[in-house]
Amino acid sequence: MQRNCRIRIALRYFCTPCGRDTQASLAVQSRDYSMERRQEATAKIHDSTNSFFNYTSGRWLYNKHLRLSERQLYFNINELCHVVAKSVGLPHTDIVLVTKLVEGGSYRIFEATFRNGLKAIARLPYPCTVPREYGVASEVATMEFLRMHGIPIPKILDWSSSASNQLGSEYIIMERVPGRELADTWHTMTFKERMAVVEKIVDIERILFGIRFPASGSLFFKGSLDPDVKSVDMPDGIKSEMSLLPIADLVSAPIWKSSEEVLKEVGEREILWLQRYGEKRYPREPFYRELYHDQKVDPQVQIQHLLDYLKVAPHLVPKVEQLNIPTIRHPDLSPSNILISDSGDITGIIDWQHATILPIFLQAKIPKHFQNYGDDDFENLRRPRLAEDFASMTSSDKEVEMERYRRRQVHYFYLGYTSDLNKAHFHAMGKHNLVLRNQLYDTAGRPWEGDNTSLQAQLIKTVAEWSEIASPEDNCPVRYSPAEIEECLDRDAKQNRVNEQMQQVRDFIGINIDGLVPNEEFESARARAELIKNELAEGADTDEQRREFDRIWPFQDHEEID
């Protein structure tokens, strides 16, 4: 789960019978004072501006009203206390404190503390989190299934995949496992401690890669599925009440029993969406516009690229059967999703919302937060070392070098331990042609946002490496003219440069991809955004160009097209 900021907002006086203040006995001086506090608490419960209902962990530099509305969730706070208390077998009057602990990318997380010191966690998804119902149901089934296989995952105490309840929201109640986020301790760890943690992470992945499934898809409890939904039962001896279901179009899509079905599904899904909802539009990235001659982009062009992808898809299936084994993997193995104890043991791995079972050749990659591609040490497989002149560097340069050193370390040791402990994963990662297949599959599955270049460019690159991918007897089913290839790859290169430049601008301003910045850094980030905007605008040759630049500047309020 993405975490933006750790906050602790205490909520007292809410989880009480008839509005009674659980803390009042320590502070009540008169009946009138007690009544006043009760009335104040009741008002807070129903106040739509209550921080429990709203995102408060940061501020957006632009389109703030959209982001806040997506994350505003009004729910029954008293009912939350009842649900949490019931899940642990205690009366709700034993809850002494409820805290909004974390606000992530998809969930708002609360912690309930009881008189006896017991703590429980409640996760409530934002209204913008999709898929509704099935997302919660699949995450719960996945967590319980993997916990049975020895993966350190918090125990689910209660859950609901429907918002049609007294609480007014879907929810997951789980035990509070001990430990801190790896993200909070990584920078203070010694070299040996980092090595030990990486080894434990790889060993957990070894367990995941060793679990066998009858097909690709997502895990569900049978009771959470509609009767007419097609699914595949898990083998006897695993858990009889569990089923496998595909991710997309949950109501009607068949289960993915082969790698070819998996590959084709993403293309068919995107074509169907474009045929139903696709309209001409400008690219989501404003600085792509001049690459398309400032004209709206036609979705029919993307549909043709997707049809080309579907022709190529059957040839992407590896001939080696071991590379087609359905495999489950954590979707975002970032340090903020890994909890460790003071002794360095992994006590919990959280946020399994988008965990998917896919053929191993599509799962084989270094987790994003452990990657350090393009570094000389990685390319030459050298053991990471600090720069020789580290001692004489300035403080700021030392900080940059230490971060580079840590990234080298985690990449190097992740590969090393994977080669020893998880050979199936290492074998798949080491095949260049699997990387090409992965890239094409990932690009084909991206939602269309006015980019008619990336998929065709990836198809062209795949065709150029056809002998590395397909069997000698397989003829490539798509062809592109030299002029078409040159034009597409040139535009793709320019788009990639725009992407790099925009990321550099975001890094300078201090915002993420959505424009989010920590509360305490908002004013300075806004000042930096204005500064770099003015500097870039000076490059315009005419007043008309300056006005156009001001109009398409992405770091300001603007219309968004879904």
# chains A, B, ... in the order shown; residues from 1 in each chain; ligands from 1
$ select_by_dssp --residues "segment 308-437 of chain A" --states "alpha helix (DSSP H)" --output "CSV table (one decimal) with all heavy atoms, in the first residue's frame"
chain,number,residue,atom,x,y,z
A,308,ASP,N,-3.4,-6.0,-33.6
A,308,ASP,CA,-2.1,-6.6,-34.0
A,308,ASP,C,-1.5,-7.3,-32.8
A,308,ASP,O,-0.9,-8.4,-33.0
A,308,ASP,CB,-1.2,-5.4,-34.3
A,308,ASP,CG,-1.5,-4.9,-35.7
A,308,ASP,OD1,-2.2,-5.5,-36.5
A,308,ASP,OD2,-0.9,-3.8,-36.1
A,309,TYR,N,-1.7,-6.8,-31.6
A,309,TYR,CA,-1.3,-7.5,-30.4
A,309,TYR,C,-1.9,-8.9,-30.3
A,309,TYR,O,-1.2,-9.9,-29.9
A,309,TYR,CB,-1.6,-6.7,-29.1
A,309,TYR,CG,-1.4,-7.5,-27.8
A,309,TYR,CD1,-0.2,-7.7,-27.3
A,309,TYR,CD2,-2.5,-7.9,-27.2
A,309,TYR,CE1,0.0,-8.5,-26.1
A,309,TYR,CE2,-2.4,-8.7,-26.0
A,309,TYR,CZ,-1.2,-9.0,-25.5
A,309,TYR,OH,-1.1,-9.7,-24.3
A,310,LEU,N,-3.2,-9.0,-30.5
A,310,LEU,CA,-3.9,-10.3,-30.4
A,310,LEU,C,-3.4,-11.3,-31.4
A,310,LEU,O,-3.4,-12.5,-31.2
A,310,LEU,CB,-5.4,-10.1,-30.6
A,310,LEU,CG,-6.1,-9.3,-29.5
A,310,LEU,CD1,-7.6,-9.2,-29.8
A,310,LEU,CD2,-6.0,-10.1,-28.1
A,311,LYS,N,-2.9,-10.8,-32.6
A,311,LYS,CA,-2.3,-11.7,-33.5
A,311,LYS,C,-1.0,-12.2,-33.0
A,311,LYS,O,-0.6,-13.4,-33.3
A,311,LYS,CB,-2.1,-11.0,-34.9
A,311,LYS,CG,-3.3,-10.5,-35.6
A,311,LYS,CD,-3.0,-9.7,-36.8
A,311,LYS,CE,-4.2,-9.1,-37.5
A,311,LYS,NZ,-3.9,-8.3,-38.7
A,312,VAL,N,-0.2,-11.4,-32.3
A,312,VAL,CA,1.1,-11.8,-31.8
A,312,VAL,C,1.0,-12.6,-30.5
A,312,VAL,O,1.8,-13.5,-30.3
A,312,VAL,CB,1.9,-10.5,-31.5
A,312,VAL,CG1,3.2,-10.8,-30.8
A,312,VAL,CG2,2.2,-9.8,-32.9
A,360,ILE,N,4.2,-17.9,-14.6
A,360,ILE,CA,5.4,-17.4,-14.0
A,360,ILE,C,6.2,-16.5,-14.9
A,360,ILE,O,6.9,-15.5,-14.4
A,360,ILE,CB,6.3,-18.6,-13.5
A,360,ILE,CG1,7.4,-18.1,-12.6
A,360,ILE,CG2,6.8,-19.4,-14.7
A,360,ILE,CD1,8.2,-19.2,-12.0
A,361,PHE,N,6.1,-16.7,-16.2
A,361,PHE,CA,6.9,-15.8,-17.1
A,361,PHE,C,6.4,-14.4,-17.0
A,361,PHE,O,7.1,-13.4,-17.4
A,361,PHE,CB,7.0,-16.3,-18.5
A,361,PHE,CG,5.7,-16.1,-19.3
A,361,PHE,CD1,5.6,-15.0,-20.1
A,361,PHE,CD2,4.7,-17.0,-19.3
A,361,PHE,CE1,4.5,-14.8,-20.9
A,361,PHE,CE2,3.6,-16.9,-20.1
A,361,PHE,CZ,3.4,-15.7,-20.9
A,362,LEU,N,5.2,-14.1,-16.6
A,362,LEU,CA,4.6,-12.8,-16.5
A,362,LEU,C,4.9,-12.2,-15.1
A,362,LEU,O,4.8,-11.0,-14.8
A,362,LEU,CB,3.1,-12.7,-16.8
A,362,LEU,CG,2.8,-13.0,-18.2
A,362,LEU,CD1,1.2,-13.1,-18.4
A,362,LEU,CD2,3.4,-12.0,-19.2
A,363,GLN,N,5.2,-13.1,-14.1
A,363,GLN,CA,5.5,-12.7,-12.8
A,363,GLN,C,7.0,-12.4,-12.5
A,363,GLN,O,7.4,-11.8,-11.5
A,363,GLN,CB,5.0,-13.7,-11.8
A,363,GLN,CG,3.5,-14.0,-11.8
A,363,GLN,CD,2.7,-13.0,-11.1
A,363,GLN,OE1,2.9,-11.8,-11.1
A,363,GLN,NE2,1.7,-13.5,-10.4
A,376,ASP,N,26.2,0.8,-13.4
A,376,ASP,CA,27.4,0.1,-13.9
A,376,ASP,C,27.7,-1.1,-13.0
A,376,ASP,O,28.0,-2.2,-13.5
A,376,ASP,CB,28.6,1.0,-13.9
A,376,ASP,CG,28.6,2.0,-15.0
A,376,ASP,OD1,27.8,1.7,-16.0
A,376,ASP,OD2,29.3,3.0,-15.0
A,377,ASP,N,27.5,-1.0,-11.7
A,377,ASP,CA,27.8,-2.1,-10.8
A,377,ASP,C,26.8,-3.2,-11.1
A,377,ASP,O,27.2,-4.4,-11.1
A,377,ASP,CB,27.6,-1.7,-9.3
A,377,ASP,CG,28.8,-0.9,-8.8
A,377,ASP,OD1,29.8,-0.9,-9.5
A,377,ASP,OD2,28.7,-0.3,-7.7
A,378,PHE,N,25.5,-2.9,-11.3
A,378,PHE,CA,24.6,-4.0,-11.7
A,378,PHE,C,24.9,-4.6,-13.0
A,378,PHE,O,24.9,-5.9,-13.1
A,378,PHE,CB,23.2,-3.4,-11.7
A,378,PHE,CG,22.2,-4.4,-12.5
A,378,PHE,CD1,21.8,-5.5,-11.9
A,378,PHE,CD2,21.7,-4.0,-13.7
A,378,PHE,CE1,21.0,-6.4,-12.6
A,378,PHE,CE2,20.9,-4.9,-14.4
A,378,PHE,CZ,20.5,-6.1,-13.8
A,379,GLU,N,25.2,-3.8,-14.0
A,379,GLU,CA,25.5,-4.4,-15.3
A,379,GLU,C,26.7,-5.3,-15.3
A,379,GLU,O,26.7,-6.3,-16.1
A,379,GLU,CB,25.7,-3.2,-16.3
A,379,GLU,CG,24.5,-2.3,-16.5
A,379,GLU,CD,23.3,-2.9,-17.0
A,379,GLU,OE1,23.4,-4.0,-17.6
A,379,GLU,OE2,22.2,-2.3,-16.9
A,395,SER,N,28.0,17.0,2.5
A,395,SER,CA,26.9,16.3,3.2
A,395,SER,C,25.8,15.9,2.2
A,395,SER,O,25.3,14.7,2.3
A,395,SER,CB,26.4,17.1,4.3
A,395,SER,OG,27.3,17.4,5.3
A,396,SER,N,25.5,16.8,1.4
A,396,SER,CA,24.4,16.5,0.4
A,396,SER,C,24.8,15.4,-0.6
A,396,SER,O,24.0,14.5,-0.9
A,396,SER,CB,24.0,17.8,-0.3
A,396,SER,OG,25.1,18.3,-1.0
A,397,ASP,N,26.1,15.5,-1.0
A,397,ASP,CA,26.6,14.5,-2.0
A,397,ASP,C,26.7,13.1,-1.3
A,397,ASP,O,26.4,12.1,-1.9
A,397,ASP,CB,28.0,14.9,-2.5
A,397,ASP,CG,27.9,16.0,-3.5
A,397,ASP,OD1,26.7,16.3,-4.0
A,397,ASP,OD2,28.9,16.7,-3.8
A,398,LYS,N,27.1,13.1,0.0
A,398,LYS,CA,27.1,11.9,0.8
A,398,LYS,C,25.7,11.2,0.9
A,398,LYS,O,25.6,10.0,0.7
A,398,LYS,CB,27.7,12.1,2.2
A,398,LYS,CG,29.2,12.2,2.2
A,398,LYS,CD,29.6,12.4,3.7
A,398,LYS,CE,31.2,12.4,3.7
A,398,LYS,NZ,31.7,12.6,5.1
A,399,GLU,N,24.7,12.1,1.1
A,399,GLU,CA,23.4,11.5,1.2
A,399,GLU,C,22.9,10.9,-0.2
A,399,GLU,O,22.3,9.8,-0.2
A,399,GLU,CB,22.4,12.7,1.5
A,399,GLU,CG,21.0,12.2,1.8
A,399,GLU,CD,20.1,13.4,2.2
A,399,GLU,OE1,20.6,14.4,2.6
A,399,GLU,OE2,18.9,13.2,2.2
A,400,VAL,N,23.3,11.5,-1.3
A,400,VAL,CA,22.9,11.0,-2.6
A,400,VAL,C,23.7,9.7,-2.8
A,400,VAL,O,23.1,8.7,-3.3
A,400,VAL,CB,23.2,12.0,-3.7
A,400,VAL,CG1,23.1,11.3,-5.1
A,400,VAL,CG2,22.3,13.2,-3.6
A,401,GLU,N,25.0,9.6,-2.5
A,401,GLU,CA,25.8,8.4,-2.7
A,401,GLU,C,25.3,7.3,-1.8
A,401,GLU,O,25.3,6.1,-2.2
A,401,GLU,CB,27.2,8.8,-2.4
A,401,GLU,CG,28.2,7.6,-2.4
A,401,GLU,CD,28.2,6.9,-3.8
A,401,GLU,OE1,27.8,7.5,-4.8
A,401,GLU,OE2,28.7,5.7,-3.8
A,402,MET,N,24.9,7.6,-0.6
A,402,MET,CA,24.4,6.6,0.4
A,402,MET,C,23.1,5.9,-0.2
A,402,MET,O,22.9,4.7,-0.1
A,402,MET,CB,24.2,7.1,1.7
A,402,MET,CG,25.4,7.3,2.6
A,402,MET,SD,26.3,5.7,2.8
A,402,MET,CE,25.0,4.7,3.7
A,403,GLU,N,22.2,6.8,-0.7
A,403,GLU,CA,21.0,6.2,-1.3
A,403,GLU,C,21.3,5.4,-2.5
A,403,GLU,O,20.7,4.3,-2.7
A,403,GLU,CB,20.1,7.4,-1.7
A,403,GLU,CG,18.8,6.9,-2.4
A,403,GLU,CD,17.9,6.0,-1.5
A,403,GLU,OE1,18.1,6.1,-0.3
A,403,GLU,OE2,17.2,5.2,-2.1
A,404,ARG,N,22.2,5.8,-3.3
A,404,ARG,CA,22.6,5.0,-4.5
A,404,ARG,C,23.2,3.7,-4.0
A,404,ARG,O,23.0,2.6,-4.6
A,404,ARG,CB,23.7,5.8,-5.3
A,404,ARG,CG,24.1,5.1,-6.6
A,404,ARG,CD,25.1,5.9,-7.4
A,404,ARG,NE,24.5,7.1,-7.9
A,404,ARG,CZ,25.0,8.3,-7.5
A,404,ARG,NH1,26.0,8.4,-6.6
A,404,ARG,NH2,24.5,9.4,-8.0
A,405,TYR,N,24.0,3.7,-3.0
A,405,TYR,CA,24.7,2.5,-2.4
A,405,TYR,C,23.6,1.5,-1.9
A,405,TYR,O,23.7,0.3,-2.1
A,405,TYR,CB,25.6,3.0,-1.3
A,405,TYR,CG,26.3,1.8,-0.6
A,405,TYR,CD1,27.1,0.9,-1.2
A,405,TYR,CD2,26.2,1.7,0.8
A,405,TYR,CE1,27.7,-0.1,-0.6
A,405,TYR,CE2,26.9,0.7,1.5
A,405,TYR,CZ,27.6,-0.2,0.8
A,405,TYR,OH,28.3,-1.2,1.5
A,406,ARG,N,22.6,2.1,-1.2
A,406,ARG,CA,21.6,1.2,-0.7
A,406,ARG,C,20.8,0.5,-1.8
A,406,ARG,O,20.4,-0.6,-1.7
A,406,ARG,CB,20.6,2.0,0.2
A,406,ARG,CG,21.1,2.3,1.6
A,406,ARG,CD,20.1,2.9,2.5
A,406,ARG,NE,19.9,4.3,2.2
A,406,ARG,CZ,20.4,5.3,2.8
A,406,ARG,NH1,21.3,5.1,3.8
A,406,ARG,NH2,20.2,6.6,2.5
A,407,ARG,N,20.5,1.3,-2.9
A,407,ARG,CA,19.8,0.7,-4.0
A,407,ARG,C,20.6,-0.4,-4.7
A,407,ARG,O,20.1,-1.4,-5.1
A,407,ARG,CB,19.4,1.8,-5.0
A,407,ARG,CG,18.4,2.8,-4.5
A,407,ARG,CD,18.0,3.8,-5.6
A,407,ARG,NE,17.3,3.1,-6.6
A,407,ARG,CZ,16.0,2.8,-6.6
A,407,ARG,NH1,15.2,3.2,-5.6
A,407,ARG,NH2,15.4,2.2,-7.6
A,408,ARG,N,21.9,-0.2,-4.8
A,408,ARG,CA,22.8,-1.2,-5.4
A,408,ARG,C,22.8,-2.4,-4.5
A,408,ARG,O,22.7,-3.6,-5.0
A,408,ARG,CB,24.2,-0.7,-5.5
A,408,ARG,CG,24.5,0.4,-6.5
A,408,ARG,CD,25.8,1.0,-6.3
A,408,ARG,NE,26.1,2.0,-7.4
A,408,ARG,CZ,27.1,2.9,-7.3
A,408,ARG,NH1,27.9,2.9,-6.2
A,408,ARG,NH2,27.4,3.7,-8.2
A,409,GLN,N,22.8,-2.2,-3.2
A,409,GLN,CA,22.8,-3.3,-2.3
A,409,GLN,C,21.6,-4.2,-2.4
A,409,GLN,O,21.7,-5.4,-2.6
A,409,GLN,CB,22.9,-2.8,-0.8
A,409,GLN,CG,24.3,-2.4,-0.3
A,409,GLN,CD,24.2,-2.0,1.1
A,409,GLN,OE1,23.2,-1.6,1.7
A,409,GLN,NE2,25.4,-2.2,1.8
A,410,VAL,N,20.4,-3.6,-2.4
A,410,VAL,CA,19.2,-4.4,-2.4
A,410,VAL,C,19.0,-5.1,-3.7
A,410,VAL,O,18.5,-6.2,-3.7
A,410,VAL,CB,18.0,-3.5,-2.0
A,410,VAL,CG1,17.6,-2.5,-3.2
A,410,VAL,CG2,16.8,-4.3,-1.6
A,411,HIS,N,19.4,-4.5,-4.8
A,411,HIS,CA,19.3,-5.1,-6.1
A,411,HIS,C,20.2,-6.3,-6.2
A,411,HIS,O,19.8,-7.4,-6.6
A,411,HIS,CB,19.6,-4.1,-7.2
A,411,HIS,CG,19.3,-4.6,-8.6
A,411,HIS,ND1,18.5,-3.9,-9.5
A,411,HIS,CD2,19.7,-5.6,-9.3
A,411,HIS,CE1,18.4,-4.5,-10.6
A,411,HIS,NE2,19.2,-5.6,-10.5
A,412,TYR,N,21.5,-6.1,-5.8
A,412,TYR,CA,22.5,-7.1,-5.9
A,412,TYR,C,22.1,-8.3,-5.0
A,412,TYR,O,22.2,-9.5,-5.5
A,412,TYR,CB,23.8,-6.5,-5.4
A,412,TYR,CG,25.0,-7.4,-5.4
A,412,TYR,CD1,25.7,-7.6,-6.6
A,412,TYR,CD2,25.4,-8.1,-4.3
A,412,TYR,CE1,26.8,-8.5,-6.6
A,412,TYR,CE2,26.5,-9.0,-4.3
A,412,TYR,CZ,27.2,-9.2,-5.4
A,412,TYR,OH,28.2,-10.0,-5.4
A,413,PHE,N,21.7,-8.0,-3.8
A,413,PHE,CA,21.5,-9.2,-2.9
A,413,PHE,C,20.1,-9.8,-3.2
A,413,PHE,O,20.0,-11.0,-2.9
A,413,PHE,CB,21.5,-8.7,-1.4
A,413,PHE,CG,22.9,-8.4,-1.0
A,413,PHE,CD1,23.3,-7.1,-0.6
A,413,PHE,CD2,23.9,-9.4,-0.9
A,413,PHE,CE1,24.6,-6.8,-0.2
A,413,PHE,CE2,25.2,-9.1,-0.6
A,413,PHE,CZ,25.5,-7.8,-0.2
A,414,TYR,N,19.2,-9.1,-3.7
A,414,TYR,CA,17.9,-9.7,-4.1
A,414,TYR,C,18.2,-10.7,-5.2
A,414,TYR,O,17.7,-11.9,-5.1
A,414,TYR,CB,16.9,-8.7,-4.6
A,414,TYR,CG,15.6,-9.3,-5.1
A,414,TYR,CD1,14.6,-9.5,-4.2
A,414,TYR,CD2,15.4,-9.7,-6.4
A,414,TYR,CE1,13.4,-10.1,-4.6
A,414,TYR,CE2,14.2,-10.3,-6.8
A,414,TYR,CZ,13.2,-10.5,-5.9
A,414,TYR,OH,12.1,-11.1,-6.3
A,415,LEU,N,19.0,-10.4,-6.2
A,415,LEU,CA,19.3,-11.3,-7.3
A,415,LEU,C,20.1,-12.5,-6.7
A,415,LEU,O,19.9,-13.7,-7.1
A,415,LEU,CB,20.1,-10.6,-8.3
A,415,LEU,CG,19.4,-9.8,-9.4
A,415,LEU,CD1,20.3,-9.1,-10.3
A,415,LEU,CD2,18.4,-10.6,-10.1
A,416,GLY,N,21.1,-12.2,-5.8
A,416,GLY,CA,21.9,-13.3,-5.3
A,416,GLY,C,21.1,-14.3,-4.5
A,416,GLY,O,21.3,-15.5,-4.7
A,417,TYR,N,20.3,-13.8,-3.6
A,417,TYR,CA,19.5,-14.7,-2.8
A,417,TYR,C,18.4,-15.5,-3.6
A,417,TYR,O,18.1,-16.6,-3.4
A,417,TYR,CB,18.8,-14.0,-1.6
A,417,TYR,CG,19.8,-13.6,-0.5
A,417,TYR,CD1,19.9,-12.3,-0.1
A,417,TYR,CD2,20.6,-14.6,0.1
A,417,TYR,CE1,20.8,-11.9,0.9
A,417,TYR,CE2,21.5,-14.2,1.1
A,417,TYR,CZ,21.6,-12.9,1.5
A,417,TYR,OH,22.5,-12.6,2.5
A,418,THR,N,17.9,-14.8,-4.7
A,418,THR,CA,16.9,-15.4,-5.5
A,418,THR,C,17.6,-16.6,-6.3
A,418,THR,O,17.0,-17.6,-6.5
A,418,THR,CB,16.3,-14.4,-6.5
A,418,THR,OG1,15.6,-13.4,-5.8
A,418,THR,CG2,15.3,-15.1,-7.5
A,419,SER,N,18.8,-16.3,-6.8
A,419,SER,CA,19.5,-17.4,-7.5
A,419,SER,C,19.8,-18.6,-6.6
A,419,SER,O,19.8,-19.7,-7.1
A,419,SER,CB,20.9,-16.9,-8.0
A,419,SER,OG,21.8,-16.6,-7.0
A,420,ASP,N,19.8,-18.4,-5.3
A,420,ASP,CA,20.1,-19.5,-4.4
A,420,ASP,C,18.8,-20.2,-3.9
A,420,ASP,O,18.7,-21.4,-3.8
A,420,ASP,CB,20.9,-19.0,-3.3
A,420,ASP,CG,21.3,-20.2,-2.3
A,420,ASP,OD1,21.7,-21.3,-2.8
A,420,ASP,OD2,21.3,-19.9,-1.1
A,421,LEU,N,17.8,-19.3,-3.5
A,421,LEU,CA,16.6,-19.8,-2.8
A,421,LEU,C,15.4,-20.1,-3.7
A,421,LEU,O,14.6,-20.9,-3.4
A,421,LEU,CB,16.2,-18.9,-1.7
A,421,LEU,CG,17.3,-18.6,-0.6
A,421,LEU,CD1,16.8,-17.5,0.3
A,421,LEU,CD2,17.6,-19.9,0.1
A,423,LYS,N,15.1,-20.6,-7.4
A,423,LYS,CA,15.7,-20.8,-8.8
A,423,LYS,C,14.7,-20.7,-9.9
A,423,LYS,O,15.1,-20.2,-11.0
A,423,LYS,CB,16.4,-22.2,-8.8
A,423,LYS,CG,17.5,-22.4,-7.8
A,423,LYS,CD,18.2,-23.7,-8.0
A,423,LYS,CE,19.3,-23.9,-6.9
A,423,LYS,NZ,20.3,-22.8,-7.0
A,424,ALA,N,13.5,-21.1,-9.7
A,424,ALA,CA,12.5,-20.9,-10.8
A,424,ALA,C,12.3,-19.5,-11.2
A,424,ALA,O,12.2,-19.1,-12.3
A,424,ALA,CB,11.2,-21.5,-10.3
A,425,HIS,N,12.3,-18.6,-10.2
A,425,HIS,CA,12.1,-17.2,-10.4
A,425,HIS,C,13.4,-16.6,-11.1
A,425,HIS,O,13.3,-15.9,-12.1
A,425,HIS,CB,11.9,-16.4,-9.1
A,425,HIS,CG,11.6,-15.0,-9.3
A,425,HIS,ND1,11.7,-14.1,-8.3
A,425,HIS,CD2,11.1,-14.3,-10.4
A,425,HIS,CE1,11.4,-12.9,-8.8
A,425,HIS,NE2,11.0,-13.0,-10.0
A,426,PHE,N,14.5,-17.0,-10.6
A,426,PHE,CA,15.8,-16.5,-11.1
A,426,PHE,C,16.0,-17.0,-12.6
A,426,PHE,O,16.4,-16.2,-13.5
A,426,PHE,CB,17.0,-17.0,-10.3
A,426,PHE,CG,18.3,-16.5,-10.7
A,426,PHE,CD1,18.7,-15.2,-10.4
A,426,PHE,CD2,19.2,-17.3,-11.5
A,426,PHE,CE1,19.9,-14.7,-10.8
A,426,PHE,CE2,20.4,-16.8,-11.9
A,426,PHE,CZ,20.8,-15.4,-11.5
A,427,HIS,N,15.6,-18.2,-12.9
A,427,HIS,CA,15.7,-18.7,-14.2
A,427,HIS,C,14.8,-17.9,-15.2
A,427,HIS,O,15.3,-17.6,-16.3
A,427,HIS,CB,15.3,-20.2,-14.2
A,427,HIS,CG,15.2,-20.8,-15.6
A,427,HIS,ND1,16.3,-21.0,-16.4
A,427,HIS,CD2,14.1,-21.2,-16.4
A,427,HIS,CE1,15.9,-21.5,-17.6
A,427,HIS,NE2,14.6,-21.7,-17.6
A,428,ALA,N,13.6,-17.6,-14.8
A,428,ALA,CA,12.7,-16.9,-15.6
A,428,ALA,C,13.2,-15.4,-15.8
A,428,ALA,O,13.1,-14.9,-16.9
A,428,ALA,CB,11.3,-16.9,-15.0
A,429,MET,N,13.7,-14.8,-14.8
A,429,MET,CA,14.2,-13.4,-14.9
A,429,MET,C,15.4,-13.3,-15.8
A,429,MET,O,15.6,-12.2,-16.4
A,429,MET,CB,14.6,-12.9,-13.5
A,429,MET,CG,13.5,-12.4,-12.6
A,429,MET,SD,14.1,-11.4,-11.2
A,429,MET,CE,15.1,-12.6,-10.4
A,432,HIS,N,16.1,-13.0,-21.6
A,432,HIS,CA,15.8,-11.7,-22.3
A,432,HIS,C,14.5,-11.7,-23.0
A,432,HIS,O,13.8,-10.7,-23.0
A,432,HIS,CB,17.0,-11.3,-23.2
A,432,HIS,CG,16.7,-10.1,-24.1
A,432,HIS,ND1,16.6,-8.9,-23.6
A,432,HIS,CD2,16.5,-10.0,-25.4
A,432,HIS,CE1,16.3,-8.0,-24.6
A,432,HIS,NE2,16.3,-8.7,-25.7
A,433,ASN,N,14.2,-12.8,-23.6
A,433,ASN,CA,13.0,-12.9,-24.4
A,433,ASN,C,11.7,-12.8,-23.5
A,433,ASN,O,10.7,-12.4,-24.0
A,433,ASN,CB,12.9,-14.1,-25.3
A,433,ASN,CG,13.1,-15.4,-24.6
A,433,ASN,OD1,12.8,-15.5,-23.4
A,433,ASN,ND2,13.5,-16.4,-25.3
A,434,LEU,N,11.9,-13.2,-22.3
A,434,LEU,CA,10.7,-13.1,-21.3
A,434,LEU,C,10.5,-11.6,-21.0
A,434,LEU,O,9.3,-11.2,-20.8
A,434,LEU,CB,11.0,-13.9,-20.1
A,434,LEU,CG,11.0,-15.5,-20.3
A,434,LEU,CD1,11.0,-16.2,-18.9
A,434,LEU,CD2,9.8,-15.9,-21.1
A,435,VAL,N,11.6,-10.9,-20.9
A,435,VAL,CA,11.4,-9.4,-20.6
A,435,VAL,C,10.6,-8.8,-21.7
A,435,VAL,O,9.7,-8.0,-21.5
A,435,VAL,CB,12.8,-8.8,-20.5
A,435,VAL,CG1,12.6,-7.3,-20.3
A,435,VAL,CG2,13.5,-9.4,-19.3
A,436,LEU,N,10.9,-9.1,-23.0
A,436,LEU,CA,10.2,-8.6,-24.1
A,436,LEU,C,8.7,-8.9,-24.1
A,436,LEU,O,7.8,-8.1,-24.3
A,436,LEU,CB,10.8,-9.1,-25.4
A,436,LEU,CG,12.2,-8.6,-25.8
A,436,LEU,CD1,12.7,-9.3,-27.0
A,436,LEU,CD2,12.2,-7.1,-26.1
A,437,ARG,N,8.4,-10.2,-23.7
A,437,ARG,CA,7.0,-10.6,-23.6
A,437,ARG,C,6.3,-9.8,-22.5
A,437,ARG,O,5.1,-9.4,-22.7
A,437,ARG,CB,6.9,-12.1,-23.3
A,437,ARG,CG,7.6,-13.0,-24.4
A,437,ARG,CD,7.7,-14.4,-23.8
A,437,ARG,NE,8.8,-15.1,-24.4
A,437,ARG,CZ,8.7,-16.1,-25.3
A,437,ARG,NH1,7.5,-16.5,-25.6
A,437,ARG,NH2,9.8,-16.7,-25.8
$ residues_around --residues "segment 535-552 of chain A" --least-positions-apart "4" --cutoff "9 Å" --atoms "only C-alpha atoms" --output "short mmCIF file (atom, residue, chain, number, x, y, z; two decimals) with N, CA and C atoms, in the first residue's frame"
data_model
loop_
_atom_site.label_atom_id
_atom_site.label_comp_id
_atom_site.auth_asym_id
_atom_site.auth_seq_id
_atom_site.Cartn_x
_atom_site.Cartn_y
_atom_site.Cartn_z
N PRO A 286 -0.13 16.53 -21.29
CA PRO A 286 -0.30 17.69 -22.19
C PRO A 286 0.85 17.89 -23.16
N PHE A 287 2.07 17.58 -22.74
CA PHE A 287 3.21 17.85 -23.61
C PHE A 287 3.40 16.78 -24.70
N GLU A 530 5.82 27.27 -9.20
CA GLU A 530 5.71 28.56 -9.87
C GLU A 530 7.06 28.99 -10.44
N LEU A 531 8.12 28.69 -9.69
CA LEU A 531 9.46 29.06 -10.14
C LEU A 531 9.84 28.34 -11.43
N GLN A 556 -1.50 22.45 -12.51
CA GLN A 556 -2.53 23.40 -12.12
C GLN A 556 -3.88 22.71 -12.32
N HIS A 558 -7.07 21.35 -13.81
CA HIS A 558 -7.41 21.13 -15.21
C HIS A 558 -8.48 20.05 -15.31
#
$ closest_residue --among "A:Leu339, A:Val517, A:Ile328, A:Val320" --to "Gly210 of chain A" --atoms "only C-alpha atoms"
A:Ile328
$ select_by_dssp --residues "segment 330-453 of chain A" --states "strand (DSSP E)" --output "list in words"
Ile338, Leu339, Ile340, Ile346, Thr347, Gly348, Ile349, Thr356, Ile357, Leu358 and Pro359 of chain A
$ closest_residue --among "A:Gly179, A:Gly267, A:Gly89, A:Gly150" --to "Leu440 of chain A" --atoms "only C-alpha atoms"
A:Gly267
